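Engineer: Below is the file model_0.csv, which contains CSV, C-alpha atoms.
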chain,number,residue,atom,x,y,z
L,47,MET,CA,0.0,0.0,0.0
L,48,LYS,CA,2.7,2.4,0.9
L,49,ASN,CA,4.6,1.6,-2.2
L,50,LEU,CA,1.6,2.3,-4.3
L,51,SER,CA,1.0,5.7,-2.7
L,52,ILE,CA,4.7,6.6,-3.3
L,53,GLY,CA,4.2,5.5,-6.9
L,54,VAL,CA,1.2,7.7,-7.4
L,55,PHE,CA,2.9,10.6,-5.8
L,56,LEU,CA,5.9,10.2,-8.1
L,57,MET,CA,3.6,10.0,-11.1
L,58,LEU,CA,1.8,13.2,-10.2
L,59,PHE,CA,5.1,14.9,-9.4
L,60,SER,CA,6.8,13.9,-12.6
L,61,SER,CA,3.8,14.9,-14.7
L,62,LEU,CA,4.0,18.3,-13.2
L,63,PHE,CA,7.6,18.5,-14.4
L,64,ILE,CA,6.6,17.5,-17.9
L,65,LEU,CA,3.8,20.1,-18.0
L,66,ASN,CA,6.1,22.7,-16.7
L,67,GLY,CA,8.6,21.8,-19.5
L,68,CYS,CA,6.0,22.0,-22.2
L,69,ALA,CA,4.9,25.4,-21.1
L,70,ARG,CA,8.3,26.9,-21.3
L,71,HIS,CA,9.5,25.4,-24.6
L,72,VAL,CA,8.4,27.7,-27.4
L,73,THR,CA,9.4,26.5,-30.9
L,74,LYS,CA,10.9,28.7,-33.6
L,75,GLY,CA,7.7,28.1,-35.6
L,76,GLU,CA,5.5,29.4,-32.9
L,77,LYS,CA,7.7,32.3,-32.1
L,78,PHE,CA,8.1,33.6,-35.7
L,79,PRO,CA,5.1,32.3,-37.6
L,80,LEU,CA,5.2,35.1,-40.2
L,81,LEU,CA,8.8,34.3,-41.2
L,82,TYR,CA,7.8,30.7,-41.9
L,83,GLN,CA,4.8,31.9,-43.9
L,84,GLU,CA,6.7,34.3,-46.0
L,85,ARG,CA,10.0,32.5,-46.3
L,86,PRO,CA,12.1,35.5,-47.3
L,87,LEU,CA,15.1,34.7,-49.3
L,88,THR,CA,16.8,38.0,-50.2
L,89,ILE,CA,17.7,40.3,-47.3
L,90,LEU,CA,18.7,43.9,-47.6
L,91,VAL,CA,20.7,45.1,-44.6
L,92,LEU,CA,20.1,48.8,-44.2
L,93,PRO,CA,22.9,51.1,-43.0
L,94,PRO,CA,23.0,50.6,-39.2
L,95,ILE,CA,21.2,53.0,-36.9
L,96,ASN,CA,23.6,54.4,-34.4
L,97,ARG,CA,22.2,55.2,-31.0
L,98,THR,CA,25.7,55.7,-29.5
L,99,THR,CA,28.0,58.6,-29.3
L,100,ALA,CA,30.8,56.6,-31.1
L,101,ALA,CA,30.6,58.2,-34.6
L,102,ASP,CA,32.7,55.5,-36.3
L,103,ALA,CA,30.5,52.6,-35.0
L,104,LYS,CA,28.1,52.8,-37.9
L,105,GLU,CA,30.7,52.1,-40.6
L,106,TYR,CA,32.6,49.6,-38.5
L,107,TYR,CA,29.6,47.6,-37.4
L,108,ALA,CA,28.4,47.4,-41.0
L,109,THR,CA,31.4,45.2,-41.8
L,110,THR,CA,30.4,42.5,-39.4
L,111,ILE,CA,26.9,41.5,-40.4
L,112,THR,CA,27.1,40.0,-43.9
L,113,GLU,CA,29.2,37.0,-43.0
L,114,PRO,CA,27.1,35.7,-40.1
L,115,LEU,CA,23.8,36.4,-41.9
L,116,SER,CA,25.0,34.5,-45.0
L,117,LEU,CA,25.9,31.5,-42.9
L,118,PHE,CA,22.3,31.3,-41.6
L,119,GLY,CA,21.3,30.6,-45.2
L,120,TYR,CA,20.1,33.9,-46.6
L,121,TYR,CA,21.0,35.7,-49.8
L,122,VAL,CA,22.4,39.0,-48.4
L,123,LEU,CA,22.5,41.8,-50.9
L,124,PRO,CA,26.1,43.3,-50.8
L,125,ILE,CA,25.8,45.9,-48.1
L,126,GLU,CA,28.7,47.9,-49.5
L,127,VAL,CA,26.9,48.3,-52.8
L,128,THR,CA,23.4,48.9,-51.4
L,129,SER,CA,24.6,51.4,-48.8
L,130,ASP,CA,26.4,53.3,-51.5
L,131,ILE,CA,23.3,53.4,-53.6
L,132,LEU,CA,21.1,54.5,-50.6
L,133,LYS,CA,23.6,57.2,-49.9
L,134,MET,CA,23.3,58.5,-53.5
L,135,GLU,CA,19.5,58.3,-53.2
L,136,GLY,CA,19.7,60.3,-50.0
L,137,ILE,CA,18.4,57.6,-47.7
L,138,TYR,CA,21.3,57.0,-45.5
L,139,ASP,CA,20.5,58.8,-42.3
L,140,THR,CA,18.5,57.1,-39.5
L,141,GLU,CA,15.4,59.3,-39.7
L,142,LEU,CA,14.9,58.8,-43.4
L,143,LEU,CA,15.6,55.1,-43.2
L,144,LEU,CA,12.9,54.7,-40.5
L,145,ARG,CA,10.5,56.8,-42.4
L,146,THR,CA,10.8,54.8,-45.6
L,147,PRO,CA,8.3,51.9,-45.8
L,148,PRO,CA,10.0,48.5,-46.1
L,149,GLN,CA,8.0,47.8,-49.3
L,150,LYS,CA,10.0,50.5,-51.1
L,151,PHE,CA,13.0,48.3,-50.9
L,152,LYS,CA,11.3,45.4,-52.6
L,153,THR,CA,10.8,47.4,-55.8
L,154,TYR,CA,14.2,48.9,-55.9
L,155,PHE,CA,16.5,46.1,-54.6
L,156,GLY,CA,14.3,43.0,-55.1
L,157,ALA,CA,14.6,42.3,-51.4
L,158,ASP,CA,12.0,40.0,-49.6
L,159,ALA,CA,12.9,41.4,-46.2
L,160,VAL,CA,14.8,44.3,-44.7
L,161,LEU,CA,17.1,44.0,-41.7
L,162,TYR,CA,17.3,47.0,-39.4
L,163,THR,CA,20.3,47.0,-37.1
L,164,THR,CA,20.6,49.3,-34.2
L,165,ILE,CA,23.9,49.8,-32.3
L,166,GLU,CA,22.7,50.4,-28.8
L,167,GLN,CA,26.0,50.4,-27.0
L,168,TRP,CA,29.6,50.6,-28.3
L,169,ASP,CA,31.8,51.8,-25.5
L,170,VAL,CA,34.4,51.1,-22.8
L,171,SER,CA,33.5,51.9,-19.3
L,172,TYR,CA,36.5,52.8,-17.1
L,173,LEU,CA,36.6,52.0,-13.5
L,174,VAL,CA,39.6,52.6,-11.4
L,175,LEU,CA,41.2,49.2,-11.8
L,176,SER,CA,39.3,47.7,-14.7
L,177,SER,CA,37.5,48.5,-17.8
L,178,THR,CA,34.8,46.7,-19.7
L,179,LEU,CA,34.1,46.9,-23.4
L,180,THR,CA,30.4,46.5,-24.3
L,181,VAL,CA,28.8,46.1,-27.7
L,182,ALA,CA,25.0,45.9,-27.7
L,183,ILE,CA,22.9,45.5,-30.8
L,184,ARG,CA,19.3,45.1,-31.9
L,185,CYS,CA,18.2,43.4,-35.1
L,186,VAL,CA,14.7,43.6,-36.6
L,187,LEU,CA,13.8,41.8,-39.7
L,188,LYS,CA,10.8,43.3,-41.5
L,189,SER,CA,9.0,41.9,-44.5
L,190,ALA,CA,9.4,44.0,-47.7
L,191,VAL,CA,6.0,42.6,-48.8
L,192,SER,CA,3.7,43.2,-45.8
L,193,GLY,CA,5.9,45.5,-43.7
L,194,GLU,CA,5.4,43.3,-40.7
L,195,THR,CA,8.1,42.3,-38.2
L,196,LEU,CA,9.3,38.8,-39.0
L,197,TRP,CA,12.0,38.3,-36.4
L,198,GLN,CA,13.8,40.4,-33.9
L,199,ARG,CA,16.5,40.0,-31.3
L,200,LYS,CA,18.8,41.9,-29.0
L,201,SER,CA,22.2,40.8,-27.9
L,202,PHE,CA,25.3,42.1,-26.2
L,203,VAL,CA,28.9,41.1,-25.7
L,204,LYS,CA,30.9,42.3,-22.7
L,205,VAL,CA,34.6,41.9,-22.4
L,206,ASP,CA,36.7,42.6,-19.3
L,207,LEU,CA,39.8,44.3,-20.6
L,208,SER,CA,41.7,44.4,-17.4
L,209,GLY,CA,42.5,40.7,-17.4
L,210,SER,CA,43.6,38.9,-14.2
L,211,ASN,CA,42.6,40.3,-10.8
L,212,ARG,CA,45.9,41.1,-9.2
L,213,SER,CA,46.0,42.0,-5.6
L,214,VAL,CA,47.1,45.5,-5.1
L,215,THR,CA,49.8,46.1,-2.5
L,216,SER,CA,51.1,49.5,-3.0
L,217,TYR,CA,50.2,52.8,-4.7
L,218,LEU,CA,52.8,52.3,-7.3
L,219,ASP,CA,51.2,49.1,-8.1
L,220,ILE,CA,47.8,50.8,-8.6
L,221,ALA,CA,49.4,53.3,-10.9
L,222,MET,CA,50.9,50.5,-13.0
L,223,GLN,CA,47.6,48.7,-13.2
L,224,VAL,CA,45.7,51.8,-14.3
L,225,ALA,CA,48.4,52.3,-17.0
L,226,THR,CA,48.0,48.7,-18.3
L,227,THR,CA,44.3,49.0,-18.5
L,228,ALA,CA,44.5,52.2,-20.5
L,229,VAL,CA,46.9,50.6,-23.0
L,230,ARG,CA,44.8,47.5,-23.4
L,231,THR,CA,41.7,49.6,-24.0
L,232,ALA,CA,43.4,51.5,-26.7
L,233,MET,CA,44.2,48.3,-28.5
L,234,ALA,CA,40.9,46.8,-27.8
L,235,ASP,CA,38.9,46.0,-30.9
L,236,TYR,CA,35.2,46.4,-31.0
L,237,VAL,CA,34.8,44.6,-34.3
L,238,PRO,CA,35.3,41.0,-33.1
L,239,CYS,CA,32.8,41.7,-30.3
L,240,ALA,CA,30.3,43.0,-32.8
L,241,MET,CA,30.7,39.9,-34.9
L,242,GLN,CA,30.1,37.7,-31.9
L,243,ALA,CA,27.0,39.8,-30.9
L,244,ASN,CA,25.7,39.2,-34.4
L,245,TYR,CA,26.1,35.4,-34.1
L,246,ILE,CA,24.4,35.4,-30.7
L,247,ALA,CA,21.5,37.4,-32.1
L,248,LEU,CA,21.2,35.3,-35.2
L,249,ALA,CA,21.2,32.0,-33.3
L,250,THR,CA,17.4,32.3,-33.0
L,251,ILE,CA,16.6,33.1,-36.6
L,252,PRO,CA,14.9,30.4,-38.7
L,253,VAL,CA,17.5,29.5,-41.3
L,254,GLY,CA,17.2,30.5,-45.0
L,255,LYS,CA,17.2,28.7,-48.3
L,256,TYR,CA,20.9,28.0,-48.5
L,257,HIS,CA,21.2,26.3,-45.1
L,258,PRO,CA,20.7,22.5,-45.0
L,259,MET,CA,18.1,22.9,-42.2
L,260,HIS,CA,15.9,25.2,-44.3
L,261,GLY,CA,12.2,24.6,-43.6
L,262,LYS,CA,13.1,21.9,-41.0
L,263,ASP,CA,13.8,24.0,-38.0
L,264,GLY,CA,10.2,25.1,-37.2
L,265,ASN,CA,10.0,22.6,-34.3
L,266,GLU,CA,13.4,23.5,-32.9
L,267,LYS,CA,13.3,25.1,-29.4
L,268,PHE,CA,13.5,28.8,-29.3
L,269,ILE,CA,16.1,29.6,-26.7
L,270,ASP,CA,16.4,33.1,-25.5
L,271,GLN,CA,19.8,33.3,-23.9
L,272,VAL,CA,19.7,37.0,-23.3
L,273,GLU,CA,16.5,36.9,-21.3
L,274,ALA,CA,17.8,33.9,-19.4
L,275,LYS,CA,20.8,36.0,-18.2
L,276,LYS,CA,18.8,38.8,-16.6
C,113,MET,CA,30.7,3.3,-8.0
C,114,LYS,CA,33.9,3.8,-10.0
C,115,THR,CA,32.3,2.7,-13.3
C,116,GLY,CA,29.5,5.2,-12.6
C,117,LYS,CA,31.9,8.0,-12.3
C,118,LEU,CA,33.7,6.9,-15.5
C,119,LEU,CA,30.3,6.8,-17.3
C,120,LEU,CA,29.6,10.3,-16.1
C,121,ILE,CA,32.9,11.6,-17.3
C,122,GLY,CA,32.3,9.9,-20.6
C,123,ALA,CA,28.9,11.5,-20.9
C,124,VAL,CA,30.4,14.9,-20.3
C,125,ILE,CA,33.3,14.5,-22.7
C,126,ALA,CA,31.4,12.8,-25.6
C,127,PRO,CA,29.5,15.9,-26.8
C,128,PHE,CA,32.8,17.7,-27.2
C,129,PHE,CA,34.0,15.1,-29.6
C,130,PHE,CA,30.7,15.4,-31.5
C,131,ALA,CA,31.2,19.1,-31.7
C,132,MET,CA,34.7,18.7,-33.0
C,133,GLY,CA,33.4,16.3,-35.7
C,134,CYS,CA,31.0,19.0,-36.8
C,135,ALA,CA,33.7,21.6,-37.1
C,136,GLU,CA,35.6,19.5,-39.7
C,137,LYS,CA,32.7,19.3,-42.1
C,138,PRO,CA,33.1,21.2,-45.4
C,139,LYS,CA,32.4,24.8,-44.9
C,140,MET,CA,29.2,26.4,-46.2
C,141,TYR,CA,31.1,29.5,-47.4
C,142,TYR,CA,34.7,30.5,-47.6
C,143,TRP,CA,34.7,34.1,-46.4
C,144,GLU,CA,38.5,34.1,-45.9
C,145,ASN,CA,39.7,37.6,-45.0
C,146,TYR,CA,36.7,39.5,-46.2
C,147,SER,CA,35.5,41.2,-43.0
C,148,LYS,CA,39.0,42.1,-41.9
C,149,SER,CA,40.0,43.8,-45.2
C,150,LEU,CA,36.7,45.6,-45.4
C,151,TYR,CA,37.2,46.9,-41.9
C,152,ASP,CA,40.8,48.0,-42.7
C,153,TYR,CA,39.5,49.9,-45.7
C,154,LYS,CA,36.7,51.6,-43.7
C,155,LYS,CA,39.2,52.5,-41.0
C,156,ASN,CA,41.7,53.9,-43.3
C,157,PRO,CA,40.4,54.4,-46.9
C,158,SER,CA,43.2,54.6,-49.3
C,159,ASP,CA,44.3,53.1,-52.6
C,160,LYS,CA,46.3,50.6,-50.7
C,161,THR,CA,43.5,49.3,-48.5
C,162,LEU,CA,41.1,49.3,-51.4
C,163,LEU,CA,43.5,47.2,-53.4
C,164,GLU,CA,43.9,44.8,-50.4
C,165,HIS,CA,40.1,44.5,-50.2
C,166,LYS,CA,39.8,43.8,-53.9
C,167,GLN,CA,42.4,41.1,-53.5
C,168,ALA,CA,40.5,39.7,-50.5
C,169,LEU,CA,37.3,39.6,-52.6
C,170,LEU,CA,39.2,37.8,-55.5
C,171,LYS,CA,40.6,35.3,-52.9
C,172,VAL,CA,37.1,34.5,-51.7
C,173,ILE,CA,36.0,33.8,-55.2
C,174,GLU,CA,39.1,31.7,-56.0
C,175,VAL,CA,39.0,29.6,-52.8
C,176,SER,CA,35.3,29.0,-53.1
C,177,GLN,CA,35.9,27.7,-56.7
C,178,GLN,CA,38.7,25.5,-55.5
C,179,HIS,CA,36.4,23.9,-53.0
C,180,GLN,CA,33.6,23.8,-55.5
C,181,THR,CA,31.3,25.6,-53.1
C,182,ARG,CA,29.1,28.6,-53.9
C,183,VAL,CA,30.8,32.0,-53.8
C,184,PRO,CA,29.3,33.7,-50.7
C,185,PRO,CA,26.4,36.0,-51.5
C,186,GLY,CA,27.2,39.5,-52.7
C,187,VAL,CA,31.0,38.9,-53.2
C,188,CYS,CA,31.0,38.9,-57.0
C,189,CYS,CA,28.6,41.8,-57.0
C,190,GLU,CA,30.7,43.9,-54.6
C,191,TYR,CA,33.8,43.2,-56.7
C,192,ALA,CA,32.0,44.1,-59.9
C,193,TYR,CA,30.8,47.4,-58.3
C,194,ILE,CA,34.4,48.4,-57.5
C,195,LEU,CA,35.4,47.6,-61.1
C,196,MET,CA,32.5,49.7,-62.3
C,197,LYS,CA,33.7,52.6,-60.3
C,198,GLU,CA,37.2,52.2,-61.8
C,199,GLY,CA,35.6,52.2,-65.3
C,200,ASN,CA,36.4,48.6,-66.0
C,201,ASN,CA,32.9,47.8,-67.2
C,202,LYS,CA,33.7,44.8,-69.2
C,203,GLU,CA,35.2,42.9,-66.3
C,204,ALA,CA,32.4,44.2,-64.1
C,205,MET,CA,29.8,42.7,-66.4
C,206,LYS,CA,31.5,39.3,-66.1
C,207,TYR,CA,31.3,39.3,-62.3
C,208,LEU,CA,27.7,40.6,-62.3
C,209,THR,CA,26.7,37.6,-64.4
C,210,MET,CA,28.6,35.3,-62.0
C,211,GLU,CA,26.5,36.7,-59.1
C,212,GLU,CA,23.3,36.2,-61.1
C,213,GLN,CA,24.1,32.7,-62.0
C,214,ALA,CA,25.0,31.6,-58.4
C,215,TYR,CA,22.0,33.4,-57.0
C,216,PRO,CA,19.0,33.8,-59.3
C,217,GLU,CA,17.2,35.9,-56.7
C,218,SER,CA,19.8,38.6,-57.2
C,219,ARG,CA,18.6,39.2,-60.7
C,220,PRO,CA,16.5,42.4,-60.1
C,221,PHE,CA,19.4,44.1,-58.3
C,222,VAL,CA,22.0,42.9,-60.7
C,223,ALA,CA,19.8,44.0,-63.6
C,224,ARG,CA,19.8,47.5,-62.1
C,225,LEU,CA,23.6,47.6,-62.0
C,226,LYS,CA,23.9,46.2,-65.5
C,227,ASN,CA,21.6,48.9,-66.6
C,228,LYS,CA,23.8,51.5,-65.2
C,229,ILE,CA,26.7,50.2,-67.3
C,230,GLU,CA,24.6,50.2,-70.4
C,231,VAL,CA,23.5,53.8,-69.7
C,232,GLN,CA,27.2,54.9,-69.4
C,233,LYS,CA,28.1,53.3,-72.7
C,234,LYS,CA,25.6,55.5,-74.6
Rewrite the coordinates I just gave you, this time as structure tokens.
Structural biologist:
Amino acid sequence: MKNLSIGVFLMLFSSLFILNGCARHVTKGEKFPLLYQERPLTILVLPPINRTTAADAKEYYATTITEPLSLFGYYVLPIEVTSDILKMEGIYDTELLLRTPPQKFKTYFGADAVLYTTIEQWDVSYLVLSSTLTVAIRCVLKSAVSGETLWQRKSFVKVDLSGSNRSVTSYLDIAMQVATTAVRTAMADYVPCAMQANYIALATIPVGKYHPMHGKDGNEKFIDQVEAKK
Amino acid sequence: MKTGKLLLIGAVIAPFFFAMGCAEKPKMYYWENYSKSLYDYKKNPSDKTLLEHKQALLKVIEVSQQHQTRVPPGVCCEYAYILMKEGNNKEAMKYLTMEEQAYPESRPFVARLKNKIEVQKK
């Protein structure tokens, strides 16, 4: 009798876990239904929207997005060429980019979807004995047919530039450490961090036509790492 | 007890081997030095860095052909665009056609660029 009741208890308990599991696992197909419906192939990456005070971030960040996006199976229009054309057409600045309906890009570039990238953070914060480099980005993919948002994602990469935590014994030592931090920061490169942030963001995007998993990843679990960290 | 521990260690290590196996698969694209040379050009635009970026683009095309994989999207087009700017329209046409053949969906955009060349000729 006792065994039976333990058995029943265990069954109830385990079913709770299963239910719990089901509730939390959203699939990519459920999360981004419009993307699976429209199946965009050609993506136009617009010139990045820079929300930071680092003036050079826009140009530098733009060099890091094509490579990852292509590896997720999409045909990416050459951003160097498209940005140049947009510049000539006078739609390079953020305000104008946001005011232009995504559908416009369908007719001009033959794009199925438009990727808006926003640089939200691109800086090094200095503390007395350490400094941290942060790159934070936001990607929004909008349909060039319906104008709807198909996929979006934020991500960030933080790097501690000060390296090992040495114990500080004298004032001289502190001065030395401040100096090393400054030197390291000067050499620090934002670009590899931006590239990494792109890979983290794109990890959730349903893959495109040139990826072997195309059309088969709808049942894959959607894992939101950024939210998990908070 | 000992075997249990060994099994546990095995279970932890095995996925790493799987991951390593995956890494050795043929690559989807050979981007080579593309991002780096583009960044160098942006950081310090000059004839020298532009030439280096052109060479990087050509390298991507060559290496992809050697491995019989598709040239990554936009690379032929970007190379053609630089050639167009330099006035080398004949070569530019060749690379635009390459882009179009590898990626049929690039046709509307490539047609626009080819059109530019045609207009210049007249």
Engineer: Name the closest residue to chain L among the candidates C:Ala192, C:Met205, C:Leu225, C:Leu150; distances are taken between atoms, counting all atoms listed in the file.
Structural biologist: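 Looking at the shortest contact to chain L, the residue is C:Leu150.
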Engineer: At a cut-off of 9 Å, list the chain C residues touching chain L, using all atoms listed in the file, as a PDB file with C-alpha atoms, in the frame of the given file.
Structural biologist:
ATOM      1  CA  MET C 140      29.200  26.400 -46.200  1.00  0.00           C
ATOM      2  CA  TYR C 141      31.100  29.500 -47.400  1.00  0.00           C
ATOM      3  CA  TRP C 143      34.700  34.100 -46.400  1.00  0.00           C
ATOM      4  CA  TYR C 146      36.700  39.500 -46.200  1.00  0.00           C
ATOM      5  CA  SER C 147      35.500  41.200 -43.000  1.00  0.00           C
ATOM      6  CA  LYS C 148      39.000  42.100 -41.900  1.00  0.00           C
ATOM      7  CA  LEU C 150      36.700  45.600 -45.400  1.00  0.00           C
ATOM      8  CA  TYR C 151      37.200  46.900 -41.900  1.00  0.00           C
ATOM      9  CA  LYS C 154      36.700  51.600 -43.700  1.00  0.00           C
ATOM     10  CA  LYS C 155      39.200  52.500 -41.000  1.00  0.00           C
ATOM     11  CA  PRO C 184      29.300  33.700 -50.700  1.00  0.00           C
ATOM     12  CA  PRO C 185      26.400  36.000 -51.500  1.00  0.00           C
ATOM     13  CA  GLY C 186      27.200  39.500 -52.700  1.00  0.00           C
ATOM     14  CA  VAL C 187      31.000  38.900 -53.200  1.00  0.00           C
ATOM     15  CA  CYS C 189      28.600  41.800 -57.000  1.00  0.00           C
ATOM     16  CA  GLU C 190      30.700  43.900 -54.600  1.00  0.00           C
ATOM     17  CA  TYR C 193      30.800  47.400 -58.300  1.00  0.00           C
ATOM     18  CA  ILE C 194      34.400  48.400 -57.500  1.00  0.00           C
ATOM     19  CA  TYR C 215      22.000  33.400 -57.000  1.00  0.00           C
ATOM     20  CA  GLU C 217      17.200  35.900 -56.700  1.00  0.00           C
ATOM     21  CA  SER C 218      19.800  38.600 -57.200  1.00  0.00           C
ATOM     22  CA  ARG C 219      18.600  39.200 -60.700  1.00  0.00           C
ATOM     23  CA  PRO C 220      16.500  42.400 -60.100  1.00  0.00           C
ATOM     24  CA  PHE C 221      19.400  44.100 -58.300  1.00  0.00           C
ATOM     25  CA  VAL C 222      22.000  42.900 -60.700  1.00  0.00           C
ATOM     26  CA  ARG C 224      19.800  47.500 -62.100  1.00  0.00           C
TER      27      ARG C 224
END
Engineer: Could you work out how far atom CA of Ser176 of chain C lies from atom CA of Gly199 of chain C, giving the answer in Å with one decimal?
Structural biologist: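 Those two atoms sit 26.2 Å apart.
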Engineer: Which distance in Å separates atom CA of Ala214 of chain C and atom CA of Leu132 of chain L, to one decimal?
Structural biologist: 24.5 Å
Engineer: Near Tyr153 of chain C, within 10 Å and counting only C-alpha atoms, which residues show up once chain neighbours fewer than 6 positions away are dropped, as an MDAnalysis selection string?
Structural biologist: (chainID L and resid 106) or (chainID C and resid 147 159:165)
Engineer: One decimal, in Å: what's the spacing between atom CA of Leu187 of chain L and atom CA of Val172 of chain C?
Structural biologist: 27.2 Å
Engineer: From the list C:Arg182, C:Lys166, C:Gln177, C:Pro157, which residue is nearest Glu198 of chain C when using only C-alpha atoms?
Structural biologist: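 Residue with the minimum atom-to-atom distance to Glu198 of chain C: C:Lys166.
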